[in-house]
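Take a look at the structure set out below.
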Amino acid sequence: MSAVSRNHRWRWLTGGAVALSLLAFLLLIALLGWSAMRYFWPQPVTLFTVDHAPQTLGEIASSQGVPRERLEASGAPLPDNLPEHVTRYLIKTGNRDFSDSDFHSLLSSDIIATERPGNVIALQRRVGGMAYGWFDGLRENGRPLVAADMMRVLQQRIKETRQRQRQAEKIRHVALARLNSEMEQLDRKRQRLEQEQRYTPQAQSIWQADSAELQRQFRQQAQALTGLSQENEGTVLVLRDVTGSQHLIPLTQILAAWYPNAMSYGEKWRHFGSQLWHFVSGASGGSLGEDGVFPAIFGTILMVLLMSVVVMPLGVVAAIWLHEYAGNGFLTRLVRIAVVNLAGVPSIVYGVFGLGFFVWLVGGSLDRLFFAHALPNPTFGTPGLLWASLTLALLTLPVVIVATEEGLSRIPQTLRQGSLALGATQAETLWHVVLPLSIPAMLTGLILAVARAAGETAPLMLVGVVKMVPELPVDAVFPYLHLDRKFMHLGFQIYDLAFQNPHAQADRPLVFATALLLVLIILALNLLAMALRHRLRERYRALIN
């Protein structure tokens, strides 16, 4: 009876531990979501009239009660009639390019009056953060535009400007990139013919004709790009700030414009969805965090996929050798101890190894053998996507080996013996019986590897990740997947936004939003692998039981 009661207590204890873990995870998601989603919801803009100071216009970022003793200890000059407890407001004023700071602090005792004017406009910009003020019109090529509904005209012009910017990006990253690649290939062909002494007058004439045609196409595309840029830069918005000064802001720098104090509830939800979609799908602009994180999402997923393609075959083959062929001798035990110890090595050590071995040794050797024409500019002898994937594959290899070997050990020995008794060889038994049954264990190792690799940041800083990239590792130019390019990563973007950003306070909500996005991506990849594992486990359950 005591054994039954003890088992009952253990069941409640284990169930409570699982419930506590799930609760902690849900609280993490809730904290990240609440702190992040507030950034995308349009906040009201308040005009503060302050005693013996200029007016202040901005969003209320936070507020907290502060005792008088703390204010006196700070050394700030205080009035004699200051109450014992006051409220300190942190106001996000924006306008960082024509103001002293993004944020200002105000005490409730200094505020004379507050109001929320309905005609205050909020501008989300590519560079410079948010801007608040009053919309005083549009100017096109120096001349003012006149219309009955200027806000509608502004929204239409912003839309047209975005379309032209997308056309310009397509010309820059597709047409011009393809022409540059073709001209480089043509120059390499000429150099090869000269080295082989086959650069005849006929070959020279062909080269000159091909080169002239490519240069003509390049000039044509460059002229189209210049025309789009000039057309975009011709229209500017006139913004009047709280001091009455007017500022000219090009529409190319404006992502969105809205009247935050005059929006209906439906307009706020549409704005929320638009801002959220732009954050997920937009490419990074002139400053980190002031545009979308799609390059970081793309780089994170692509790196994890390449890492998985490398680590799974190596880990599975190593586990098969250890469990099926190596026996239990001294060398095998030594290898197992080494594998377990490698799982505990700090990730930054793997980054140093990847920089020294993959980048400098292997990449430098590849440059000397196959890309000598590009030297001294390195091609593969510099941090890039390939070396980052290989480094993380090496980092997660022990996890895959251990998980796969555990799965192999759970397969009944009678299945192997029955297959051998029916005339199958050991290799056929391994391929048709053992490996299919161990696939769920392999996927368990993959889940653990993905969870660790997707969140790593320290080694990536040494072997390929950067703050901003001019182009993605995948484009329309052959060979389409460029493993030598650097890439962006969500983990590194979180680090950079939180600790290396001069405007960290303004971009703090983006830190939570990026962290939430990284957690959701890891969760989605894990759920996908878990669903596949469950399906395969159910398929082969009858064989094991």
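Identifiers for the structure tokens are assigned positionally: chains receive A, B, ... in sequence, residues are indexed from 1 per chain, and ligands are indexed from 1 in the order shown.
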(request) Check the DSSP output for the backbone and give back, as a VMD selection string, the residues of region 324-385 of chain A in helix (DSSP H, G or I). (result) chain A and resid 324 to 325 330 to 342 347 to 370 372 to 374 385
(request) Excluding Thr457 (chain A) and any residue of its chain fewer than 3 positions from it, enumerate the residues within 7 Å of it, using only C-alpha atoms, and give them as a list in words. (result)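 In the requested form, the answer reads Leu460, Met461, Gly491 and Phe492 of chain A.
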Selection to disk with C-alpha atoms, as a PDB file, in the first residue's frame:
ATOM      1  CA  LEU A 460      28.151  33.261 -35.551  1.00  0.00           C
ATOM      2  CA  MET A 461      29.758  36.611 -34.784  1.00  0.00           C
ATOM      3  CA  GLY A 491      19.835  36.165 -32.400  1.00  0.00           C
ATOM      4  CA  PHE A 492      22.540  38.608 -33.424  1.00  0.00           C
TER       5      PHE A 492
END
(request) Take CA of Val465 (chain A) and CA of Gly128 (chain A) and report the distance between them in Å, one decimal. (result)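 So the answer is 24.4 Å.
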(request) Compare A:Ala147, A:Val349, A:Leu106, A:Ala476 by their minimum atom-to-atom distance to Arg172 (chain A), counting only C-alpha atoms, and give me the closest one. (result) A:Ala476
(request) Compile the contact shell of Gly33 (chain A) as a list in words: residues with an atom at most 8 Å away, counting only C-alpha atoms, same-chain residues fewer than 2 positions apart removed. (result)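 Result of the neighbour search: Ile29, Ala30, Leu31, Ser35, Ala36, Met37, Phe512, Ala513 and Leu516 of chain A.
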(request) Extract, using only C-alpha atoms, all DNA, RNA and protein residues at most 10 Å from region 192-206 of chain A, discarding same-chain residues fewer than 6 positions from it, and format them as a ChimeraX atom specification. (result) /A:186,212,373
Would you save the residues from that selection as a short mmCIF file (atom, residue, chain, number, x, y, z; two decimals), in the first residue's frame, using all heavy atoms?
data_model
loop_
_atom_site.label_atom_id
_atom_site.label_comp_id
_atom_site.auth_asym_id
_atom_site.auth_seq_id
_atom_site.Cartn_x
_atom_site.Cartn_y
_atom_site.Cartn_z
N LEU A 186 32.77 37.29 -68.58
CA LEU A 186 33.40 37.62 -69.87
C LEU A 186 34.85 38.02 -69.68
O LEU A 186 35.73 37.63 -70.48
CB LEU A 186 32.61 38.75 -70.54
CG LEU A 186 32.96 39.07 -72.00
CD1 LEU A 186 32.66 37.86 -72.87
CD2 LEU A 186 32.16 40.28 -72.49
N ALA A 212 30.57 45.38 -75.38
CA ALA A 212 29.83 46.60 -75.73
C ALA A 212 28.33 46.41 -75.52
O ALA A 212 27.63 47.30 -75.02
CB ALA A 212 30.12 46.99 -77.17
N HIS A 373 42.00 34.32 -59.44
CA HIS A 373 41.80 35.56 -60.20
C HIS A 373 41.22 36.67 -59.35
O HIS A 373 41.36 37.85 -59.67
CB HIS A 373 40.88 35.29 -61.39
CG HIS A 373 39.52 34.82 -60.99
ND1 HIS A 373 39.24 33.48 -60.74
CD2 HIS A 373 38.35 35.49 -60.78
CE1 HIS A 373 37.97 33.35 -60.40
NE2 HIS A 373 37.41 34.55 -60.41
#
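Candidate residues A:Ala515, A:Ala449, A:Leu225, A:Leu314 were compared for distance to Thr396 (chain A), and the nearest is A:Ala449, using only C-alpha atoms.
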(request) Name the residues in contact with Ser347 (chain A) at a cut-off of 10 Å, using only C-alpha atoms, excluding same-chain residues fewer than 6 positions from it; report them as a ChimeraX atom specification. (result) /A:353,391-392,395-396,453,456-460
Would you output that residue set with C-alpha atoms, as a short mmCIF file (atom, residue, chain, number, x, y, z; two decimals), in the first residue's frame?
data_model
loop_
_atom_site.label_atom_id
_atom_site.label_comp_id
_atom_site.auth_asym_id
_atom_site.auth_seq_id
_atom_site.Cartn_x
_atom_site.Cartn_y
_atom_site.Cartn_z
CA PHE A 353 37.70 26.88 -34.32
CA THR A 391 30.46 25.48 -37.45
CA LEU A 392 26.99 24.98 -36.02
CA LEU A 395 28.54 22.25 -32.47
CA THR A 396 25.33 20.17 -32.63
CA ALA A 453 21.63 26.11 -33.37
CA GLU A 456 23.28 30.55 -30.95
CA THR A 457 24.85 33.94 -31.42
CA ALA A 458 28.43 33.98 -30.09
CA PRO A 459 30.04 31.62 -32.67
CA LEU A 460 28.15 33.26 -35.55
#
(message) I'd like the contact shell of Leu415 (chain A) - 9 Å cut-off, only C-alpha atoms, skipping same-chain residues fewer than 3 positions apart - returned as a PyMOL selection string.
(response) chain A and resi 411-412+418-420+429+433-434+543-544
Give me the residues near Ser99 (chain A) as a PDB file with all heavy atoms, in the first residue's frame, where near means some atom within 12 Å (using only C-alpha atoms) and where sequence neighbours in that chain fewer than 4 positions away do not count.
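Final output, result_32.pdb:
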ATOM      1  N   THR A  56       5.911  69.908 -24.875  1.00  0.00           N
ATOM      2  CA  THR A  56       6.457  68.610 -25.264  1.00  0.00           C
ATOM      3  C   THR A  56       5.367  67.809 -25.953  1.00  0.00           C
ATOM      4  O   THR A  56       4.225  67.755 -25.479  1.00  0.00           O
ATOM      5  CB  THR A  56       6.976  67.828 -24.044  1.00  0.00           C
ATOM      6  OG1 THR A  56       7.986  68.604 -23.389  1.00  0.00           O
ATOM      7  CG2 THR A  56       7.556  66.495 -24.455  1.00  0.00           C
ATOM      8  N   LEU A  57       5.718  67.191 -27.087  1.00  0.00           N
ATOM      9  CA  LEU A  57       4.781  66.402 -27.874  1.00  0.00           C
ATOM     10  C   LEU A  57       5.338  64.996 -28.041  1.00  0.00           C
ATOM     11  O   LEU A  57       6.482  64.832 -28.468  1.00  0.00           O
ATOM     12  CB  LEU A  57       4.550  67.043 -29.240  1.00  0.00           C
ATOM     13  CG  LEU A  57       3.580  66.312 -30.186  1.00  0.00           C
ATOM     14  CD1 LEU A  57       2.151  66.421 -29.654  1.00  0.00           C
ATOM     15  CD2 LEU A  57       3.677  66.887 -31.601  1.00  0.00           C
ATOM     16  N   LYS A  92       8.120  59.591 -25.278  1.00  0.00           N
ATOM     17  CA  LYS A  92       8.818  59.333 -26.540  1.00  0.00           C
ATOM     18  C   LYS A  92       8.492  60.465 -27.506  1.00  0.00           C
ATOM     19  O   LYS A  92       7.411  60.523 -28.081  1.00  0.00           O
ATOM     20  CB  LYS A  92       8.382  57.983 -27.122  1.00  0.00           C
ATOM     21  CG  LYS A  92       9.081  57.628 -28.429  1.00  0.00           C
ATOM     22  CD  LYS A  92       8.581  56.291 -28.977  1.00  0.00           C
ATOM     23  CE  LYS A  92       9.242  55.976 -30.309  1.00  0.00           C
ATOM     24  NZ  LYS A  92       8.758  54.686 -30.877  1.00  0.00           N
ATOM     25  N   THR A  93       9.448  61.363 -27.665  1.00  0.00           N
ATOM     26  CA  THR A  93       9.228  62.549 -28.498  1.00  0.00           C
ATOM     27  C   THR A  93       9.684  62.377 -29.935  1.00  0.00           C
ATOM     28  O   THR A  93       9.314  63.171 -30.798  1.00  0.00           O
ATOM     29  CB  THR A  93       9.968  63.755 -27.888  1.00  0.00           C
ATOM     30  OG1 THR A  93      11.361  63.426 -27.750  1.00  0.00           O
ATOM     31  CG2 THR A  93       9.403  64.093 -26.519  1.00  0.00           C
ATOM     32  N   GLY A  94      10.514  61.337 -30.210  1.00  0.00           N
ATOM     33  CA  GLY A  94      10.972  61.128 -31.574  1.00  0.00           C
ATOM     34  C   GLY A  94      11.794  62.295 -32.093  1.00  0.00           C
ATOM     35  O   GLY A  94      12.486  62.998 -31.347  1.00  0.00           O
ATOM     36  N   ASN A  95      11.681  62.522 -33.428  1.00  0.00           N
ATOM     37  CA  ASN A  95      12.350  63.664 -34.082  1.00  0.00           C
ATOM     38  C   ASN A  95      13.843  63.714 -33.748  1.00  0.00           C
ATOM     39  O   ASN A  95      14.400  64.790 -33.514  1.00  0.00           O
ATOM     40  CB  ASN A  95      11.684  64.977 -33.669  1.00  0.00           C
ATOM     41  CG  ASN A  95      10.204  64.999 -33.984  1.00  0.00           C
ATOM     42  OD1 ASN A  95       9.671  64.109 -34.625  1.00  0.00           O
ATOM     43  ND2 ASN A  95       9.529  66.033 -33.521  1.00  0.00           N
ATOM     44  N   PHE A 103      13.739  60.684 -26.103  1.00  0.00           N
ATOM     45  CA  PHE A 103      12.896  60.567 -24.921  1.00  0.00           C
ATOM     46  C   PHE A 103      13.151  61.754 -23.988  1.00  0.00           C
ATOM     47  O   PHE A 103      14.280  62.249 -23.897  1.00  0.00           O
ATOM     48  CB  PHE A 103      13.172  59.257 -24.173  1.00  0.00           C
ATOM     49  CG  PHE A 103      12.670  58.036 -24.903  1.00  0.00           C
ATOM     50  CD1 PHE A 103      13.441  57.442 -25.890  1.00  0.00           C
ATOM     51  CD2 PHE A 103      11.444  57.483 -24.595  1.00  0.00           C
ATOM     52  CE1 PHE A 103      12.992  56.313 -26.563  1.00  0.00           C
ATOM     53  CE2 PHE A 103      10.986  56.358 -25.263  1.00  0.00           C
ATOM     54  CZ  PHE A 103      11.760  55.781 -26.249  1.00  0.00           C
ATOM     55  N   HIS A 104      12.093  62.156 -23.299  1.00  0.00           N
ATOM     56  CA  HIS A 104      12.193  63.195 -22.282  1.00  0.00           C
ATOM     57  C   HIS A 104      11.381  62.765 -21.058  1.00  0.00           C
ATOM     58  O   HIS A 104      10.357  62.082 -21.193  1.00  0.00           O
ATOM     59  CB  HIS A 104      11.656  64.539 -22.797  1.00  0.00           C
ATOM     60  CG  HIS A 104      12.520  65.174 -23.843  1.00  0.00           C
ATOM     61  ND1 HIS A 104      12.495  64.793 -25.174  1.00  0.00           N
ATOM     62  CD2 HIS A 104      13.453  66.152 -23.766  1.00  0.00           C
ATOM     63  CE1 HIS A 104      13.356  65.509 -25.860  1.00  0.00           C
ATOM     64  NE2 HIS A 104      13.953  66.351 -25.030  1.00  0.00           N
ATOM     65  N   GLY A 128      16.082  57.628 -38.725  1.00  0.00           N
ATOM     66  CA  GLY A 128      15.752  58.700 -37.807  1.00  0.00           C
ATOM     67  C   GLY A 128      14.636  58.390 -36.844  1.00  0.00           C
ATOM     68  O   GLY A 128      14.290  59.234 -36.013  1.00  0.00           O
ATOM     69  N   GLY A 129      14.044  57.205 -36.946  1.00  0.00           N
ATOM     70  CA  GLY A 129      12.990  56.843 -36.016  1.00  0.00           C
ATOM     71  C   GLY A 129      11.681  57.567 -36.298  1.00  0.00           C
ATOM     72  O   GLY A 129      11.423  58.062 -37.397  1.00  0.00           O
ATOM     73  N   MET A 130      10.834  57.625 -35.284  1.00  0.00           N
ATOM     74  CA  MET A 130       9.524  58.261 -35.419  1.00  0.00           C
ATOM     75  C   MET A 130       9.662  59.783 -35.451  1.00  0.00           C
ATOM     76  O   MET A 130      10.612  60.356 -34.907  1.00  0.00           O
ATOM     77  CB  MET A 130       8.622  57.858 -34.254  1.00  0.00           C
ATOM     78  CG  MET A 130       8.248  56.390 -34.232  1.00  0.00           C
ATOM     79  SD  MET A 130       7.205  55.913 -35.626  1.00  0.00           S
ATOM     80  CE  MET A 130       5.762  56.952 -35.355  1.00  0.00           C
ATOM     81  N   ALA A 131       8.689  60.425 -36.097  1.00  0.00           N
ATOM     82  CA  ALA A 131       8.605  61.890 -36.123  1.00  0.00           C
ATOM     83  C   ALA A 131       7.167  62.281 -35.826  1.00  0.00           C
ATOM     84  O   ALA A 131       6.220  61.674 -36.343  1.00  0.00           O
ATOM     85  CB  ALA A 131       9.048  62.443 -37.475  1.00  0.00           C
ATOM     86  N   TYR A 132       6.997  63.299 -34.966  1.00  0.00           N
ATOM     87  CA  TYR A 132       5.672  63.779 -34.570  1.00  0.00           C
ATOM     88  C   TYR A 132       5.588  65.272 -34.844  1.00  0.00           C
ATOM     89  O   TYR A 132       6.579  66.010 -34.685  1.00  0.00           O
ATOM     90  CB  TYR A 132       5.418  63.514 -33.085  1.00  0.00           C
ATOM     91  CG  TYR A 132       5.582  62.069 -32.672  1.00  0.00           C
ATOM     92  CD1 TYR A 132       6.725  61.652 -31.992  1.00  0.00           C
ATOM     93  CD2 TYR A 132       4.601  61.127 -32.961  1.00  0.00           C
ATOM     94  CE1 TYR A 132       6.878  60.334 -31.606  1.00  0.00           C
ATOM     95  CE2 TYR A 132       4.750  59.810 -32.584  1.00  0.00           C
ATOM     96  CZ  TYR A 132       5.888  59.417 -31.906  1.00  0.00           C
ATOM     97  OH  TYR A 132       6.045  58.113 -31.532  1.00  0.00           O
ATOM     98  N   ASP A 241       7.115  70.949 -36.191  1.00  0.00           N
ATOM     99  CA  ASP A 241       7.259  70.321 -34.886  1.00  0.00           C
ATOM    100  C   ASP A 241       6.628  71.182 -33.794  1.00  0.00           C
ATOM    101  O   ASP A 241       5.999  72.211 -34.072  1.00  0.00           O
ATOM    102  CB  ASP A 241       8.732  70.021 -34.585  1.00  0.00           C
ATOM    103  CG  ASP A 241       9.590  71.282 -34.513  1.00  0.00           C
ATOM    104  OD1 ASP A 241       9.020  72.390 -34.427  1.00  0.00           O
ATOM    105  OD2 ASP A 241      10.826  71.174 -34.531  1.00  0.00           O
ATOM    106  N   VAL A 242       6.812  70.766 -32.547  1.00  0.00           N
ATOM    107  CA  VAL A 242       6.156  71.439 -31.437  1.00  0.00           C
ATOM    108  C   VAL A 242       6.700  72.839 -31.199  1.00  0.00           C
ATOM    109  O   VAL A 242       6.027  73.693 -30.607  1.00  0.00           O
ATOM    110  CB  VAL A 242       6.288  70.569 -30.163  1.00  0.00           C
ATOM    111  CG1 VAL A 242       7.728  70.569 -29.671  1.00  0.00           C
ATOM    112  CG2 VAL A 242       5.328  71.013 -29.078  1.00  0.00           C
ATOM    113  N   THR A 243       7.905  73.127 -31.680  1.00  0.00           N
ATOM    114  CA  THR A 243       8.482  74.463 -31.529  1.00  0.00           C
ATOM    115  C   THR A 243       8.054  75.414 -32.634  1.00  0.00           C
ATOM    116  O   THR A 243       8.403  76.595 -32.599  1.00  0.00           O
ATOM    117  CB  THR A 243      10.014  74.381 -31.502  1.00  0.00           C
ATOM    118  OG1 THR A 243      10.490  73.891 -32.769  1.00  0.00           O
ATOM    119  CG2 THR A 243      10.479  73.450 -30.390  1.00  0.00           C
ATOM    120  N   SER A 245       8.969  75.010 -35.851  1.00  0.00           N
ATOM    121  CA  SER A 245       9.920  74.923 -36.961  1.00  0.00           C
ATOM    122  C   SER A 245       9.425  73.912 -37.987  1.00  0.00           C
ATOM    123  O   SER A 245       8.861  72.868 -37.635  1.00  0.00           O
ATOM    124  CB  SER A 245      11.304  74.510 -36.455  1.00  0.00           C
ATOM    125  OG  SER A 245      11.782  75.433 -35.487  1.00  0.00           O
ATOM    126  N   HIS A 247      10.214  71.258 -41.132  1.00  0.00           N
ATOM    127  CA  HIS A 247      11.270  70.349 -41.584  1.00  0.00           C
ATOM    128  C   HIS A 247      10.794  69.631 -42.841  1.00  0.00           C
ATOM    129  O   HIS A 247       9.624  69.226 -42.931  1.00  0.00           O
ATOM    130  CB  HIS A 247      11.624  69.333 -40.502  1.00  0.00           C
ATOM    131  CG  HIS A 247      11.956  69.948 -39.175  1.00  0.00           C
ATOM    132  ND1 HIS A 247      13.219  70.399 -38.860  1.00  0.00           N
ATOM    133  CD2 HIS A 247      11.181  70.197 -38.081  1.00  0.00           C
ATOM    134  CE1 HIS A 247      13.217  70.887 -37.628  1.00  0.00           C
ATOM    135  NE2 HIS A 247      11.988  70.778 -37.137  1.00  0.00           N
TER     136      HIS A 247
END
(request) Using DSSP on the backbone coordinates, identify the residues of region 17-240 of chain A assigned to strand (DSSP E); present them as an NGL selection string. (result) :A and (46-50 or 56-67 or 85-92 or 103-107 or 111-115 or 120-125 or 130-140 or 143-144 or 235-240)
(request) Using only C-alpha atoms, pick whichever of A:Ile301, A:Val127, A:Leu385, A:Met468 has the shortest atom-to-atom distance to His503 (chain A). (result)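 Once distances to His503 (chain A) are computed over only C-alpha atoms, the minimum belongs to A:Val127.
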(request) Could you tell me which of A:Ile254, A:Leu176, A:Val311, A:Val402 comes closest to Gln223 (chain A) if we count only C-alpha atoms? (result)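 Counting only C-alpha atoms, the residue closest to Gln223 (chain A) is A:Leu176.
Closest approach to Leu386 (chain A) from the set A:Gly363, A:Val466, A:Gly65, A:Glu182 is made by A:Gly363, with distances taken over only C-alpha atoms.
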